[in-house]
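Text of the file run.cif, holding mmCIF, C-alpha atoms and all ligand atoms:
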data_work
loop_
_atom_site.label_atom_id
_atom_site.label_comp_id
_atom_site.auth_asym_id
_atom_site.auth_seq_id
_atom_site.Cartn_x
_atom_site.Cartn_y
_atom_site.Cartn_z
CA MET A 1 -1.41 11.35 2.69
CA SER A 2 -3.87 10.19 0.06
CA SER A 3 -6.13 7.38 1.05
CA THR A 4 -6.82 6.27 -2.49
CA LEU A 5 -4.58 3.62 -3.83
CA GLU A 6 -3.16 3.49 -7.30
CA THR A 7 -1.49 0.14 -7.59
CA ARG A 8 -0.37 -0.49 -11.12
CA PRO A 9 2.49 -0.74 -11.65
CA LEU A 10 4.00 0.64 -8.51
CA ILE A 11 6.54 -0.98 -6.29
CA THR A 12 5.02 -0.74 -2.85
CA ARG A 13 7.47 -0.90 0.00
CA TRP A 14 6.27 -1.69 3.41
CA ILE A 15 7.42 -1.22 6.92
CA SER A 16 6.65 -3.77 9.57
CA LEU A 17 6.40 -2.76 13.18
CA ARG A 18 6.68 -6.38 14.20
CA PRO A 19 9.86 -6.61 16.30
CA HIS A 20 11.84 -9.10 14.24
CA HIS A 21 11.53 -6.98 11.10
CA GLY A 22 13.33 -4.04 12.70
CA ARG A 23 12.27 -0.46 12.21
CA VAL A 24 13.08 1.40 9.04
CA ARG A 25 12.57 5.11 8.60
CA ALA A 26 9.84 5.93 6.10
CA GLU A 27 12.12 8.25 4.11
CA ASP A 28 14.55 5.40 3.54
CA VAL A 29 12.09 3.11 1.86
CA LEU A 30 9.32 5.21 0.36
CA ASP A 31 9.04 4.37 -3.30
CA GLY A 32 5.41 3.74 -4.06
CA PRO A 33 2.85 4.40 -1.34
CA LEU A 34 4.03 3.57 2.16
CA PHE A 35 2.22 0.68 3.81
CA VAL A 36 2.82 -0.19 7.43
CA GLU A 37 2.20 -3.48 9.19
CA PRO A 38 1.17 -3.01 12.83
CA PHE A 39 2.59 -5.07 15.66
CA SER A 40 -0.57 -4.63 17.67
CA ALA A 41 -3.68 -2.47 17.76
CA ASP A 42 -1.65 0.06 19.80
CA ASP A 43 0.25 1.01 16.64
CA LEU A 44 -2.86 1.96 14.68
CA PRO A 45 -3.20 5.66 15.67
CA ALA A 46 0.40 6.41 14.62
CA ILE A 47 -0.06 4.45 11.40
CA ALA A 48 -3.24 6.37 10.62
CA GLU A 49 -1.26 9.62 10.77
CA ARG A 50 1.66 8.64 8.56
CA ALA A 51 0.86 5.76 6.24
CA ALA A 52 -0.95 5.47 2.91
CA GLY A 53 -2.24 2.10 3.97
CA VAL A 54 -2.00 -0.76 6.42
CA VAL A 55 -0.61 -4.24 5.89
CA VAL A 56 -2.42 -7.21 7.34
CA GLY A 57 0.62 -9.43 7.34
CA ALA A 58 0.72 -13.10 6.40
CA ALA A 59 1.16 -13.95 10.09
CA TRP A 60 -1.90 -11.93 11.12
CA MET A 61 -4.55 -13.63 9.08
CA GLN A 62 -6.11 -15.36 12.06
CA ASP A 63 -6.25 -12.23 14.22
CA PHE A 64 -9.74 -11.09 13.30
CA GLN A 65 -9.88 -8.43 16.03
CA LEU A 66 -6.81 -6.73 14.61
CA VAL A 67 -8.12 -7.07 11.05
CA ARG A 68 -11.36 -5.36 12.09
CA ALA A 69 -9.51 -2.56 13.92
CA VAL A 70 -7.27 -2.05 10.89
CA ALA A 71 -10.26 -1.86 8.55
CA ARG A 72 -11.94 0.75 10.75
CA LEU A 73 -9.02 3.16 10.19
CA GLY A 74 -10.50 3.79 6.75
CA LEU A 75 -7.11 3.52 5.03
CA PRO A 76 -6.47 1.09 2.17
CA VAL A 77 -5.75 -2.35 3.58
CA LEU A 78 -3.26 -4.67 1.99
CA VAL A 79 -4.10 -8.27 2.88
CA GLN A 80 -1.14 -10.61 2.49
CA ARG A 81 -1.95 -14.28 2.01
CA GLY A 82 -0.81 -16.38 4.94
CA HIS A 83 1.89 -18.80 3.82
CA ALA A 84 -0.45 -21.77 4.19
CA ALA A 85 -3.77 -19.99 3.60
CA THR A 86 -6.21 -21.10 0.94
CA LEU A 87 -7.86 -18.74 -1.53
CA GLU A 88 -11.08 -18.84 0.51
CA GLU A 89 -9.31 -17.98 3.78
CA TRP A 90 -7.48 -15.13 2.07
CA LEU A 91 -10.60 -13.64 0.48
CA ALA A 92 -12.48 -14.01 3.79
CA ILE A 93 -10.13 -11.40 5.31
CA ALA A 94 -11.10 -8.98 2.55
CA ASP A 95 -14.75 -9.66 3.43
CA TYR A 96 -14.07 -8.83 7.11
CA CYS A 97 -12.73 -5.44 6.02
CA VAL A 98 -15.74 -4.80 3.81
CA ALA A 99 -18.01 -5.76 6.71
CA GLU A 100 -16.36 -2.94 8.71
CA GLY A 101 -17.25 -0.51 5.91
CA ASN A 102 -13.83 -0.46 4.27
CA ASP A 103 -13.89 -1.51 0.64
CA GLN A 104 -10.36 -0.31 -0.16
CA VAL A 105 -8.83 -3.74 0.04
CA VAL A 106 -5.84 -4.82 -1.97
CA LEU A 107 -4.68 -8.42 -1.90
CA CYS A 108 -1.09 -9.55 -1.90
CA GLU A 109 0.16 -12.99 -2.85
CA SER A 110 3.07 -13.64 -0.52
CA GLY A 111 4.01 -17.21 -1.33
CA THR A 112 3.44 -20.68 0.06
CA ARG A 113 5.98 -22.12 2.48
CA THR A 114 7.42 -25.22 0.79
CA HIS A 115 8.79 -28.33 2.48
CA THR A 116 12.30 -26.89 2.07
CA GLY A 117 11.25 -23.78 3.99
CA HIS A 118 11.29 -21.53 0.94
CA LEU A 119 8.47 -19.24 -0.07
CA ALA A 120 7.12 -20.11 -3.52
CA LEU A 121 5.04 -17.38 -5.14
CA ASP A 122 1.80 -18.89 -6.47
CA LEU A 123 1.03 -16.95 -9.62
CA SER A 124 -1.97 -19.06 -10.59
CA LEU A 125 -3.47 -18.34 -7.17
CA LEU A 126 -2.78 -14.64 -7.78
CA ARG A 127 -4.76 -14.87 -11.03
CA ALA A 128 -7.57 -16.75 -9.31
CA ALA A 129 -7.72 -14.12 -6.55
CA LYS A 130 -7.95 -11.35 -9.14
CA ALA A 131 -10.70 -13.12 -11.05
CA ARG A 132 -12.71 -14.05 -7.95
CA SER A 133 -12.42 -10.76 -6.05
CA GLY A 134 -12.13 -8.19 -8.83
CA ARG A 135 -9.63 -6.44 -6.52
CA PRO A 136 -6.07 -5.38 -7.29
CA VAL A 137 -3.63 -8.12 -6.38
CA LEU A 138 0.02 -7.43 -5.67
CA ALA A 139 2.84 -9.95 -5.61
CA ASP A 140 5.36 -9.91 -2.77
CA VAL A 141 8.65 -10.56 -4.54
CA SER A 142 10.79 -10.00 -1.44
CA ALA A 143 11.79 -13.68 -1.25
CA ASP A 144 12.83 -13.78 -4.93
CA PRO A 145 13.00 -10.44 -6.77
CA SER A 146 13.86 -12.25 -10.02
CA LEU A 147 10.17 -13.25 -10.22
CA ALA A 148 9.06 -9.63 -10.63
CA GLY A 149 8.70 -9.86 -14.42
CA ALA A 150 6.82 -13.15 -14.24
CA ALA A 151 4.43 -11.70 -11.65
CA ILE A 152 3.66 -8.68 -13.82
CA VAL A 153 3.09 -10.82 -16.89
CA ALA A 154 0.81 -13.05 -14.80
CA GLY A 155 -1.31 -9.98 -14.06
CA ALA A 156 0.03 -8.58 -10.76
CA ASP A 157 -1.22 -5.04 -10.31
CA GLY A 158 1.85 -4.07 -8.34
CA LEU A 159 4.77 -5.52 -6.46
CA LEU A 160 5.65 -5.55 -2.81
CA LEU A 161 9.24 -5.43 -1.59
CA SER A 162 10.30 -5.74 2.00
CA PRO A 163 12.38 -2.95 3.54
CA SER A 164 15.35 -5.28 3.75
CA ALA A 165 15.68 -5.42 -0.06
CA ASP A 166 19.08 -4.07 -1.10
CA GLU A 167 19.59 -1.49 -3.82
CA GLU A 168 20.48 -4.12 -6.41
CA GLU A 169 17.18 -5.93 -5.77
CA VAL A 170 15.23 -2.68 -5.92
CA ALA A 171 16.90 -1.86 -9.25
CA GLN A 172 16.14 -5.37 -10.57
CA VAL A 173 12.48 -5.08 -9.64
CA ARG A 174 12.20 -1.55 -11.01
CA GLU A 175 13.67 -2.72 -14.33
CA ALA A 176 11.15 -5.58 -14.52
CA VAL A 177 8.29 -3.16 -13.78
CA THR A 178 9.50 -0.81 -16.51
CA LEU A 179 9.88 -3.43 -19.21
CA PHE A 180 7.10 -5.88 -18.48
CA SER A 181 4.35 -3.52 -17.42
CA ALA A 182 4.75 -1.77 -20.78
CA LEU A 183 3.86 -5.07 -22.45
CA ALA A 184 1.26 -6.29 -19.96
CA GLY A 185 -0.51 -3.03 -19.11
CA HIS A 186 -3.88 -2.15 -20.56
CA ASP A 187 -4.90 0.40 -17.95
CA THR A 188 -5.82 3.95 -18.87
CA PRO A 189 -3.90 6.43 -16.70
CA ALA A 190 -6.13 9.13 -15.26
CA THR A 191 -3.65 11.99 -14.82
CA LEU A 192 -1.01 13.69 -16.99
CA PRO A 193 1.93 12.57 -14.78
CA ALA A 194 0.59 8.99 -14.72
CA ALA A 195 0.10 8.99 -18.50
CA ARG A 196 3.61 10.36 -19.05
CA ALA A 197 5.05 7.81 -16.65
CA ALA A 198 3.28 5.07 -18.63
CA ILE A 199 4.70 6.45 -21.90
CA ASP A 200 8.16 6.58 -20.33
CA ARG A 201 7.87 2.88 -19.50
CA VAL A 202 6.77 2.06 -23.05
CA ASP A 203 9.69 4.11 -24.44
CA ALA A 204 12.10 2.24 -22.16
CA ALA A 205 10.78 -1.08 -23.45
CA LEU A 206 10.87 0.24 -27.03
CA ALA A 207 14.51 1.33 -26.65
CA THR A 208 15.44 -2.09 -25.28
CA LEU A 209 13.71 -3.78 -28.22
CA LEU A 210 15.24 -1.40 -30.79
CA GLU A 211 18.72 -2.08 -29.44
CA ARG A 212 18.09 -5.83 -29.63
CA ARG A 213 16.63 -5.47 -33.13
CA ALA A 214 19.70 -3.55 -34.35
CA GLU A 215 21.91 -6.28 -32.92
CA LEU A 216 19.94 -9.01 -34.73
CA ALA A 217 19.82 -7.02 -38.00
CA GLY A 218 23.62 -6.84 -37.80
CA VAL A 219 23.75 -10.63 -37.48
CA VAL A 220 21.49 -10.96 -40.56
CA GLN A 221 23.80 -8.64 -42.54
CA SER A 222 26.82 -10.77 -41.67
CA LEU A 223 25.01 -13.96 -42.75
CA LYS A 224 23.65 -12.67 -46.09
CA PRO A 225 25.70 -13.18 -49.26
CA VAL A 226 25.36 -9.41 -49.87
CA GLY A 227 24.76 -7.43 -46.69
CA GLY A 228 24.10 -3.76 -45.96
CA PHE A 229 22.22 -1.35 -48.22
CA ALA A 230 23.42 -3.24 -51.29
CA GLY A 231 21.52 -6.34 -50.18
CA ARG A 232 18.31 -4.59 -49.20
CA ASP A 233 15.19 -6.76 -49.60
CA MET A 234 12.11 -4.57 -50.02
CA GLU A 235 9.70 -7.53 -50.23
CA ARG A 236 10.90 -8.79 -46.81
CA GLU A 237 10.40 -5.27 -45.41
CA ARG A 238 6.87 -5.07 -46.84
CA GLN A 239 5.99 -8.42 -45.27
CA LEU A 240 7.31 -7.56 -41.82
CA VAL A 241 5.41 -4.25 -41.83
CA ALA A 242 2.21 -6.07 -42.86
CA ARG A 243 2.63 -8.51 -39.95
CA MET A 244 3.29 -5.69 -37.52
CA ALA A 245 0.17 -3.86 -38.72
CA GLU A 246 -1.94 -6.82 -37.54
CA ARG A 247 -0.67 -6.10 -34.01
CA ALA A 248 -0.86 -2.33 -34.46
CA PRO A 249 -4.12 -1.80 -36.37
CA ARG A 250 -4.47 1.81 -35.21
CA LEU A 251 -1.15 2.72 -36.83
CA GLY A 252 -1.71 0.45 -39.85
CA VAL A 253 0.62 -0.18 -42.77
CA LYS A 254 0.58 3.47 -43.87
CA ARG A 255 2.01 4.84 -40.60
CA LEU A 256 4.18 1.87 -39.76
CA THR A 257 5.99 1.92 -43.12
CA PRO A 258 8.00 5.15 -42.51
CA ILE A 259 8.65 4.14 -38.88
CA MET A 260 10.09 0.77 -39.87
CA ASN A 261 11.95 2.29 -42.80
CA ALA A 262 13.78 4.55 -40.33
CA VAL A 263 14.40 1.64 -37.95
CA ILE A 264 15.74 -0.62 -40.70
CA GLU A 265 17.92 2.12 -42.21
CA ALA A 266 19.37 2.90 -38.77
CA GLY A 267 20.27 -0.79 -38.44
CA LEU A 268 21.85 -0.86 -41.90
CA HIS A 269 23.90 2.29 -41.18
CA LEU A 270 25.04 0.78 -37.88
CA SER A 271 26.15 -2.48 -39.47
CA GLU A 272 27.99 -0.68 -42.32
CA GLU A 273 29.81 1.52 -39.77
CA SER A 274 30.99 -1.43 -37.75
O1 LIG B 1 16.08 -9.72 -43.52
C1 LIG B 1 17.01 -9.21 -44.14
O2 LIG B 1 17.35 -9.60 -45.26
C2 LIG B 1 17.72 -8.07 -43.56
O3 LIG B 1 18.72 -7.61 -44.13
C3 LIG B 1 17.19 -7.45 -42.31
C4 LIG B 1 16.34 -6.24 -42.60
C5 LIG B 1 15.78 -5.79 -41.25
O4 LIG B 1 16.39 -4.94 -40.59
O5 LIG B 1 14.74 -6.35 -40.82
C6 LIG B 1 17.19 -5.20 -43.20
C7 LIG B 1 17.21 -4.94 -44.53
C8 LIG B 1 16.37 -5.65 -45.47
O6 LIG B 1 15.91 -4.80 -46.48
C9 LIG B 1 15.29 -6.39 -44.81
C10 LIG B 1 15.24 -6.62 -43.49
#
What would you get if you wrote out this structure as structure tokens?
Amino acid sequence: MSSTLETRPLITRWISLRPHHGRVRAEDVLDGPLFVEPFSADDLPAIAERAAGVVVGAAWMQDFQLVRAVARLGLPVLVQRGHAATLEEWLAIADYCVAEGNDQVVLCESGTRTHTGHLALDLSLLRAAKARSGRPVLADVSADPSLAGAAIVAGADGLLLSPSADEEEVAQVREAVTLFSALAGHDTPATLPAARAAIDRVDAALATLLERRAELAGVVQSLKPVGGFAGRDMERERQLVARMAERAPRLGVKRLTPIMNAVIEAGLHLSEES
């Protein structure tokens, strides 16, 4: 398996060999790269053979011997923040890995344990970790998959889901990745499949927005004294294209005009049909 790690905007699923997590077969959970959390140093040789990377779990942050042994495998290391760990303590684990000659360290914000026992994802800490370390930072949305979109918008380079996530949660997180990474992403994909995958995500977001736009245009038609093609307002169309061109300077007014003409006419046809 590859030892280089492409994080954005993958959903990384991880397997923990710690007893209370239960074992899950790799084939059942592999979505993005497979990361495995060891139970002890004894697990490391098997992990080195099968996994794309190793998880230093939130509960392991004080076990420096294990962290060092993990780093020496040479695989990417995903360092989860302990549920009470500070930014400094978290980044110190990354430094331990680098000290062992392994610079392939990815951080993962895994939430702070609150007084009610819940895990609260700290997105401002995630941003701070990104800024301070310059490393990719994932967000573990296992405790609350509905935060996936917020994490991506906050700058998460990828998301982590525990193997116990059910199919509905996986679908929810995948949908958030598709829609929000299209808006938040500024990375330049390096390969043809990665570039096409990025375009597919943009198209998915575009389709969602076009459907919503058609719905709203239908509402406008029903509110206007004269709706449909008969009530067309070319000055309004010119203004909205001009505003869009400020956000899309590469396309500019000239290229956006026929695109928006087609979009608006599709909406008008739709509203006249219904
Ligand atoms: O804003 C309106 O008046 C609309 O009817 C909506 C809309 C649009 O789809 O954005 C459609 C037709 C008009 O020519 C201008 C704009």
| message | Env of Val241 (chain A): 8 Å cut, atoms = all atoms listed in the file, seq-sep filter 2 positions within chain, self excluded. Answer as a list in words. | response |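 Counting all atoms listed in the file, the residues come to Glu237, Arg238, Gln239, Arg243, Met244, Ala245, Val253, Leu256, Thr257 and Met260 of chain A.
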Those same residues, written as a JSON list (two decimals), in the frame of the given file with C-alpha atoms?
[["chain", "number", "residue", "atom", "x", "y", "z"],
["A", 237, "GLU", "CA", 10.40, -5.27, -45.41],
["A", 238, "ARG", "CA", 6.87, -5.07, -46.84],
["A", 239, "GLN", "CA", 5.99, -8.42, -45.27],
["A", 243, "ARG", "CA", 2.63, -8.51, -39.95],
["A", 244, "MET", "CA", 3.29, -5.69, -37.52],
["A", 245, "ALA", "CA", 0.17, -3.86, -38.72],
["A", 253, "VAL", "CA", 0.62, -0.18, -42.77],
["A", 256, "LEU", "CA", 4.18, 1.87, -39.76],
["A", 257, "THR", "CA", 5.99, 1.92, -43.12],
["A", 260, "MET", "CA", 10.09, 0.77, -39.87]]
| field | Shell of 6 Å around ligand LIG 1 (chain B) (all atoms listed in the file), written as an NGL selection string | value | :A and (217 or 220-221 or 232-234 or 236-237 or 264)
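Among the candidates A:Glu235, A:Glu265, A:Glu273, A:Asp95, the one nearest to Val67 (chain A) when counting only C-alpha atoms is A:Asp95.
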| remark: Shortest contact to Ser142 (chain A), candidates A:Asn261, A:Thr114, A:Ser162, A:Ser40, atoms counted all atoms listed in the file, goes to A:Ser162
| message | For a test of reading the model, state the distance in Å between CA of Gly227 (chain A) and CA of Leu268 (chain A), rounded to one decimal. | response |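 Calculated distance between CA of Gly227 (chain A) and CA of Leu268 (chain A) is 8.6 Å.
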| said: Let me make sure I understand: among A:Arg212, A:Lys224, A:Arg247, A:Arg68, which one has the smallest atom-to-atom distance to Gly267 (chain A) if we use only C-alpha atoms? | reply: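 Of A:Arg212, A:Lys224, A:Arg247, A:Arg68, the one nearest Gly267 (chain A), counting only C-alpha atoms, is A:Arg212.
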| Which residues, written as a list in words, have at least one atom at most 10 Å from Asp144 (chain A), with all atoms listed in the file counted and residues fewer than 6 positions away on the same chain left out? |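 That gives His118, Leu119, Ala120, Leu121, Leu161, Glu169 and Val173 of chain A.
Compared by their closest atoms to Ala46 (chain A), and using all atoms listed in the file, the residues A:Leu73, A:Ser164, A:Val219, A:Ala171 rank with A:Leu73 nearest.
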| message | I'd like the interatomic distance between CA of Arg196 (chain A) and CA of Val137 (chain A), to a tenth of an Å. | response | 23.5 Å
| Distance of CA of Thr116 (chain A) from CA of Pro145 (chain A), expressed in Å to one decimal place | 18.7 Å
| said: At a cut-off of 12 Å, using all atoms listed in the file, what residues contact Pro45 (chain A)? Leave out same-chain residues fewer than 2 positions from it and give the result as JSON, numbers by chain. | reply: {"A": [36, 38, 40, 41, 42, 43, 47, 48, 49, 50, 51, 54, 69, 70, 72, 73, 74, 75]}
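Candidate residues A:Gly155, A:Gly101, A:Gly149, A:Pro225 were compared for distance to Leu125 (chain A), and the nearest is A:Gly155, using only C-alpha atoms.
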Do a neighbour search on Ala184 (chain A) at 9 Å with all atoms listed in the file, toss out local chain neighbours closer than 3 positions, and write the hits as a CSV table (one decimal) with C-alpha atoms, keeping the file's coordinate frame.
chain,number,residue,atom,x,y,z
A,152,ILE,CA,3.7,-8.7,-13.8
A,153,VAL,CA,3.1,-10.8,-16.9
A,154,ALA,CA,0.8,-13.0,-14.8
A,155,GLY,CA,-1.3,-10.0,-14.1
A,180,PHE,CA,7.1,-5.9,-18.5
A,181,SER,CA,4.4,-3.5,-17.4
